[in-house]
file target_3.pdb (PDB, C-alpha atoms)
MODEL        1
ATOM      1  CA  MET A 269    -262.482  23.767-117.132
ATOM      2  CA  THR A 270    -259.411  21.992-115.927
ATOM      3  CA  GLU A 271    -258.381  22.800-112.343
ATOM      4  CA  ILE A 272    -254.736  23.758-111.977
ATOM      5  CA  ARG A 273    -253.224  22.455-108.775
ATOM      6  CA  GLN A 274    -250.185  24.183-107.399
ATOM      7  CA  GLU A 275    -247.599  21.896-105.836
ATOM      8  CA  PRO A 276    -246.575  22.901-102.300
ATOM      9  CA  ASP A 277    -243.149  24.474-101.928
ATOM     10  CA  THR A 278    -240.922  21.750-100.585
ATOM     11  CA  SER A 279    -237.744  23.847-100.376
ATOM     12  CA  GLU A 280    -238.310  24.520 -96.665
ATOM     13  CA  ASP A 281    -238.758  20.850 -95.837
ATOM     14  CA  ASP A 282    -235.854  19.897 -98.056
ATOM     15  CA  LEU A 283    -233.566  22.387 -96.325
ATOM     16  CA  ALA A 284    -234.640  21.136 -92.897
ATOM     17  CA  GLN A 285    -234.000  17.515 -93.857
ATOM     18  CA  ARG A 286    -230.594  18.258 -95.354
ATOM     19  CA  PHE A 287    -229.631  20.359 -92.351
ATOM     20  CA  ARG A 288    -230.518  17.542 -89.975
ATOM     21  CA  ALA A 289    -228.620  15.076 -92.159
ATOM     22  CA  GLY A 290    -225.425  17.108 -91.806
ATOM     23  CA  ASP A 291    -225.237  18.708 -95.248
ATOM     24  CA  GLU A 292    -222.831  21.639 -94.796
ATOM     25  CA  ARG A 293    -224.391  23.447 -97.740
ATOM     26  CA  ALA A 294    -227.678  23.344 -95.838
ATOM     27  CA  LEU A 295    -225.981  25.055 -92.901
ATOM     28  CA  ARG A 296    -224.885  27.883 -95.197
ATOM     29  CA  GLU A 297    -228.362  28.122 -96.731
ATOM     30  CA  ALA A 298    -229.966  28.156 -93.289
ATOM     31  CA  TYR A 299    -227.662  30.942 -92.161
ATOM     32  CA  ASP A 300    -228.327  32.962 -95.328
ATOM     33  CA  ARG A 301    -232.067  32.465 -94.984
ATOM     34  CA  TYR A 302    -232.590  32.772 -91.212
ATOM     35  CA  GLY A 303    -229.486  34.549 -89.907
ATOM     36  CA  ARG A 304    -231.154  37.960 -90.065
ATOM     37  CA  ALA A 305    -234.143  36.709 -88.089
ATOM     38  CA  VAL A 306    -231.901  35.371 -85.332
ATOM     39  CA  LEU A 307    -229.811  38.562 -85.345
ATOM     40  CA  HIS A 308    -232.991  40.664 -85.143
ATOM     41  CA  LEU A 309    -234.083  38.642 -82.109
ATOM     42  CA  ALA A 310    -230.693  39.200 -80.466
ATOM     43  CA  THR A 311    -230.463  42.932 -81.231
ATOM     44  CA  SER A 312    -233.979  43.503 -79.915
ATOM     45  CA  THR A 313    -232.791  42.345 -76.477
ATOM     46  CA  LEU A 314    -229.046  42.943 -76.296
ATOM     47  CA  VAL A 315    -227.820  46.540 -76.335
ATOM     48  CA  ASN A 316    -224.374  45.736 -77.669
ATOM     49  CA  ARG A 317    -224.342  44.864 -81.388
ATOM     50  CA  SER A 318    -221.216  42.742 -80.904
ATOM     51  CA  ASP A 319    -222.975  40.690 -78.224
ATOM     52  CA  ALA A 320    -225.930  40.194 -80.578
ATOM     53  CA  GLU A 321    -223.640  38.974 -83.345
ATOM     54  CA  ASP A 322    -221.901  36.615 -80.918
ATOM     55  CA  ALA A 323    -225.266  35.251 -79.793
ATOM     56  CA  THR A 324    -226.278  34.731 -83.425
ATOM     57  CA  GLN A 325    -223.088  32.850 -84.196
ATOM     58  CA  ALA A 326    -223.463  30.783 -81.022
ATOM     59  CA  THR A 327    -227.008  29.923 -82.087
ATOM     60  CA  PHE A 328    -225.934  28.419 -85.396
ATOM     61  CA  VAL A 329    -222.977  26.620 -83.832
ATOM     62  CA  ALA A 330    -225.249  25.065 -81.198
ATOM     63  CA  ALA A 331    -227.865  24.205 -83.821
ATOM     64  CA  TRP A 332    -225.320  22.517 -86.071
ATOM     65  CA  LEU A 333    -223.751  20.544 -83.231
ATOM     66  CA  GLY A 334    -227.188  19.549 -81.945
ATOM     67  CA  ARG A 335    -228.875  19.019 -85.314
ATOM     68  CA  ASP A 336    -229.781  15.440 -84.370
ATOM     69  CA  THR A 337    -232.229  16.845 -81.822
ATOM     70  CA  PHE A 338    -234.146  18.805 -84.456
ATOM     71  CA  ASP A 339    -237.448  17.113 -85.308
ATOM     72  CA  PRO A 340    -239.096  18.564 -88.458
ATOM     73  CA  THR A 341    -242.395  16.958 -87.460
ATOM     74  CA  LYS A 342    -242.577  19.148 -84.345
ATOM     75  CA  GLY A 343    -241.857  22.504 -85.934
ATOM     76  CA  SER A 344    -240.036  24.519 -88.554
ATOM     77  CA  LEU A 345    -236.304  24.954 -88.783
ATOM     78  CA  VAL A 346    -236.558  28.713 -88.296
ATOM     79  CA  GLY A 347    -238.714  28.243 -85.193
ATOM     80  CA  TRP A 348    -236.175  25.808 -83.774
ATOM     81  CA  LEU A 349    -233.313  28.215 -84.507
ATOM     82  CA  LEU A 350    -235.145  31.114 -82.863
ATOM     83  CA  GLY A 351    -235.719  28.951 -79.778
ATOM     84  CA  ILE A 352    -231.981  28.305 -79.535
ATOM     85  CA  GLY A 353    -231.358  31.996 -80.206
ATOM     86  CA  ARG A 354    -233.531  33.006 -77.238
ATOM     87  CA  ARG A 355    -231.523  30.736 -74.949
ATOM     88  CA  LYS A 356    -228.231  32.166 -76.243
ATOM     89  CA  VAL A 357    -229.480  35.711 -75.674
ATOM     90  CA  ILE A 358    -230.445  34.805 -72.101
ATOM     91  CA  ASP A 359    -227.009  33.222 -71.588
ATOM     92  CA  ARG A 360    -225.366  36.426 -72.821
ATOM     93  CA  LEU A 361    -227.515  38.561 -70.489
ATOM     94  CA  ARG A 362    -226.611  36.372 -67.515
ATOM     95  CA  SER A 363    -222.930  36.460 -68.437
ATOM     96  CA  SER A 364    -222.990  40.258 -68.707
ATOM     97  CA  ALA A 365    -224.743  40.499 -65.344
ATOM     98  CA  ARG A 366    -222.053  38.323 -63.740
ATOM     99  CA  GLU A 367    -219.282  40.415 -65.317
ATOM    100  CA  ASN A 368    -220.924  43.628 -64.122
ATOM    101  CA  ARG A 369    -221.219  42.246 -60.582
ATOM    102  CA  VAL A 370    -217.529  41.310 -60.562
ATOM    103  CA  VAL A 371    -216.481  44.738 -61.856
ATOM    104  CA  GLU A 372    -218.691  46.468 -59.299
ATOM    105  CA  THR A 373    -217.385  44.275 -56.466
ATOM    106  CA  VAL A 374    -213.768  44.978 -57.376
ATOM    107  CA  ARG A 375    -214.524  48.690 -57.745
ATOM    108  CA  GLN A 376    -215.895  48.822 -54.202
ATOM    109  CA  LEU A 377    -212.873  47.088 -52.684
ATOM    110  CA  PRO A 378    -210.036  49.245 -51.340
ATOM    111  CA  GLU A 379    -207.237  50.106 -53.731
ATOM    112  CA  PRO A 380    -204.008  48.150 -53.140
ATOM    113  CA  VAL A 381    -200.899  50.002 -52.100
ATOM    114  CA  SER A 382    -198.468  50.522 -54.988
ATOM    115  CA  PRO A 383    -195.268  48.515 -54.483
ATOM    116  CA  GLY A 384    -193.147  51.238 -56.083
ATOM    117  CA  SER A 385    -190.364  50.751 -58.610
ATOM    118  CA  ASP A 386    -187.426  49.830 -56.361
ATOM    119  CA  PRO A 387    -184.818  47.855 -58.414
ATOM    120  CA  ASP A 388    -184.695  45.152 -55.717
ATOM    121  CA  ILE A 389    -188.429  44.627 -56.094
ATOM    122  CA  VAL A 390    -188.062  44.274 -59.866
ATOM    123  CA  VAL A 391    -185.333  41.654 -59.445
ATOM    124  CA  ASP A 392    -187.374  39.817 -56.832
ATOM    125  CA  ARG A 393    -190.351  39.735 -59.189
ATOM    126  CA  LEU A 394    -188.277  38.240 -61.987
ATOM    127  CA  VAL A 395    -186.896  35.528 -59.729
ATOM    128  CA  VAL A 396    -190.343  34.761 -58.308
ATOM    129  CA  ALA A 397    -191.815  34.640 -61.826
ATOM    130  CA  ASP A 398    -189.355  31.882 -62.714
ATOM    131  CA  GLU A 399    -190.294  29.923 -59.595
ATOM    132  CA  LEU A 400    -194.025  30.488 -60.211
ATOM    133  CA  ALA A 401    -193.763  28.772 -63.588
ATOM    134  CA  ARG A 402    -193.006  25.509 -61.765
ATOM    135  CA  LEU A 403    -196.131  25.560 -59.588
ATOM    136  CA  PRO A 404    -199.485  23.835 -60.309
ATOM    137  CA  ASP A 405    -201.793  25.975 -62.462
ATOM    138  CA  GLU A 406    -204.240  27.056 -59.739
ATOM    139  CA  GLN A 407    -201.539  27.970 -57.227
ATOM    140  CA  ARG A 408    -199.619  29.864 -59.897
ATOM    141  CA  ARG A 409    -202.687  31.772 -61.021
ATOM    142  CA  MET A 410    -203.581  32.894 -57.496
ATOM    143  CA  LEU A 411    -200.021  33.964 -56.715
ATOM    144  CA  GLU A 412    -199.694  35.838 -60.022
ATOM    145  CA  LEU A 413    -202.871  37.775 -59.268
ATOM    146  CA  ALA A 414    -201.564  38.550 -55.796
ATOM    147  CA  PHE A 415    -197.963  39.311 -56.780
ATOM    148  CA  PHE A 416    -198.114  40.862 -60.245
ATOM    149  CA  ASP A 417    -201.590  42.436 -60.109
ATOM    150  CA  ASP A 418    -201.284  43.210 -56.399
ATOM    151  CA  LEU A 419    -204.824  42.029 -55.657
ATOM    152  CA  THR A 420    -206.073  41.224 -52.175
ATOM    153  CA  HIS A 421    -207.576  37.818 -51.368
ATOM    154  CA  GLN A 422    -211.048  39.342 -51.606
ATOM    155  CA  GLN A 423    -210.318  40.866 -55.004
ATOM    156  CA  ILE A 424    -208.918  37.578 -56.332
ATOM    157  CA  ALA A 425    -212.047  35.754 -55.169
ATOM    158  CA  ALA A 426    -214.248  38.354 -56.871
ATOM    159  CA  VAL A 427    -212.332  38.272 -60.153
ATOM    160  CA  THR A 428    -211.972  34.479 -60.427
ATOM    161  CA  GLY A 429    -215.200  33.352 -58.788
ATOM    162  CA  VAL A 430    -213.155  31.030 -56.555
ATOM    163  CA  PRO A 431    -214.290  30.917 -52.892
ATOM    164  CA  LEU A 432    -212.219  33.099 -50.566
ATOM    165  CA  GLY A 433    -211.127  30.125 -48.448
ATOM    166  CA  THR A 434    -209.876  28.305 -51.536
ATOM    167  CA  VAL A 435    -207.976  31.401 -52.680
ATOM    168  CA  LYS A 436    -206.238  31.623 -49.310
ATOM    169  CA  SER A 437    -205.465  27.894 -49.376
ATOM    170  CA  HIS A 438    -203.927  28.060 -52.877
ATOM    171  CA  ILE A 439    -201.821  31.069 -51.924
ATOM    172  CA  ARG A 440    -200.679  29.475 -48.656
ATOM    173  CA  ARG A 441    -199.657  26.223 -50.369
ATOM    174  CA  GLY A 442    -198.050  28.116 -53.236
ATOM    175  CA  MET A 443    -196.036  30.282 -50.875
ATOM    176  CA  ALA A 444    -194.869  27.192 -48.978
ATOM    177  CA  SER A 445    -193.766  25.564 -52.250
ATOM    178  CA  LEU A 446    -191.974  28.732 -53.319
ATOM    179  CA  LYS A 447    -190.146  28.933 -50.002
ATOM    180  CA  ARG A 448    -188.991  25.304 -50.236
ATOM    181  CA  ARG A 449    -187.806  25.727 -53.827
ATOM    182  CA  TRP A 450    -186.236  29.073 -53.052
ATOM    183  CA  GLU A 451    -184.076  27.472 -50.370
ATOM    184  CA  VAL A 452    -183.368  24.217 -52.253
ATOM    185  CA  ASP A 453    -182.405  26.035 -55.452
ATOM    186  CA  GLY A 454    -180.133  28.315 -53.484
ATOM    187  CA  ALA A 455    -181.638  31.472 -54.945
ATOM    188  CA  ALA A 456    -181.375  33.081 -51.552
ATOM    189  CA  PRO A 457    -180.167  30.571 -48.929
ATOM    190  CA  GLY A 458    -182.172  30.737 -45.749
ATOM    191  CA  ALA A 459    -184.341  33.513 -47.110
ATOM    192  CA  ARG A 460    -188.028  33.514 -47.865
ATOM    193  CA  PRO A 461    -189.482  34.652 -51.202
ATOM    194  CA  ALA A 462    -189.948  38.338 -51.751
ATOM    195  CA  ASP A 463    -193.019  39.585 -49.936
ATOM    196  CA  ILE A 464    -196.155  39.346 -52.012
ATOM    197  CA  SER A 465    -197.899  42.523 -51.062
ATOM    198  CA  GLY A 466    -201.203  41.398 -52.585
ATOM    199  CA  ALA A 467    -201.311  38.145 -50.583
ATOM    200  CA  ARG A 468    -203.552  39.423 -47.861
TER     201      ARG A 468
ENDMDL
END
call {"tool": "encode", "arguments": {"input": "target_3.pdb", "output": "structure tokens"}}
result
Amino acid sequence: MTEIRQEPDTSEDDLAQRFRAGDERALREAYDRYGRAVLHLATSTLVNRSDAEDATQATFVAAWLGRDTFDPTKGSLVGWLLGIGRRKVIDRLRSSARENRVVETVRQLPEPVSPGSDPDIVVDRLVVADELARLPDEQRRMLELAFFDDLTHQQIAAVTGVPLGTVKSHIRRGMASLKRRWEVDGAAPGARPADISGAR
């Protein structure tokens, strides 16, 4: 009786090799074959379905960009993808925790006083907005948060993650630059910029 030997299925190894070699069709095949497994891993940990889908997409992006680090001799492609997926899920959990802390911090801070809708204030804001556009990015961002969003220094620090001292420094330097430009440009000779009620 002749023994019939069954050849091992090499499709898995072939896919792994092509993926590592940069074959874009292999990326599509890997996603079709293992995407559900990665998504299942993400949804089993993350409550929000959208977050799970983002983590799944981030997993395949990271895997594709880092495909040179995949070693088929040390494990399967799906195992490697799930390992990346776990890290992306953890990243998403940490990010959500940070966002929740920021929201909670801002919620506990006192509410800013409304500046009202005086026409003079509206004009001042338009003029200041034009001057703000000329400032360095960080100074402009801090002053916009203070002026347009009416946030306190503490609230700006909480929202941006920038240390409170740095926030104050950016606002102080930005205000000084605004005052110099305000006077040089002749927008209001001898006057200082409109009061930024949030810069406190």
call {"tool": "residues_near_point", "arguments": {"input": "target_3.pdb", "point": "(-234.9, 29.9, -78.9)", "cutoff": "12 Å", "atoms": "all atoms listed in the file", "output": "PyMOL selection string"}}
result
chain A and resi 305-307+309-310+323-324+326-328+330-331+345-359
call {"tool": "closest_residue", "arguments": {"input": "target_3.pdb", "among": "A:Leu411, A:Ala298, A:Leu432, A:Val329", "to": "Leu446 in chain A", "atoms": "all atoms listed in the file"}}
result
A:Leu411
call {"tool": "atom_distance", "arguments": {"input": "target_3.pdb", "atom1": "CA of Gly442 in chain A", "atom2": "CA of Gly429 in chain A"}}
result
18.8 Å
call {"tool": "atom_distance", "arguments": {"input": "target_3.pdb", "atom1": "CA of Ile439 in chain A", "atom2": "CA of Ala401 in chain A"}}
result
14.4 Å
call {"tool": "residues_around", "arguments": {"input": "target_3.pdb", "residues": "range 279-288 of chain A", "least_positions_apart": "4", "cutoff": "7 Å", "atoms": "all atoms listed in the file", "output": "PDB file with C-alpha atoms, keeping the file's coordinate frame"}}
result
ATOM      1  CA  ALA A 294    -227.678  23.344 -95.838  1.00  0.00           C
ATOM      2  CA  LEU A 295    -225.981  25.055 -92.901  1.00  0.00           C
ATOM      3  CA  ARG A 335    -228.875  19.019 -85.314  1.00  0.00           C
ATOM      4  CA  ASP A 336    -229.781  15.440 -84.370  1.00  0.00           C
ATOM      5  CA  PHE A 338    -234.146  18.805 -84.456  1.00  0.00           C
ATOM      6  CA  PRO A 340    -239.096  18.564 -88.458  1.00  0.00           C
ATOM      7  CA  LEU A 345    -236.304  24.954 -88.783  1.00  0.00           C
TER       8      LEU A 345
END
call {"tool": "atom_distance", "arguments": {"input": "target_3.pdb", "atom1": "CA of Val435 in chain A", "atom2": "CA of Met410 in chain A"}}
result
6.7 Å
call {"tool": "closest_residue", "arguments": {"input": "target_3.pdb", "among": "A:Arg301, A:Leu400, A:Arg360, A:Arg296", "to": "Thr313 in chain A", "atoms": "all atoms listed in the file"}}
result
A:Arg360
call {"tool": "closest_residue", "arguments": {"input": "target_3.pdb", "among": "A:Arg441, A:Glu292, A:Ala426, A:Asp417", "to": "Pro404 in chain A", "atoms": "only C-alpha atoms"}}
result
A:Arg441
call {"tool": "closest_residue", "arguments": {"input": "target_3.pdb", "among": "A:Leu314, A:Ala414, A:Ala289, A:Ala320", "to": "Met443 in chain A", "atoms": "all atoms listed in the file"}}
result
A:Ala414
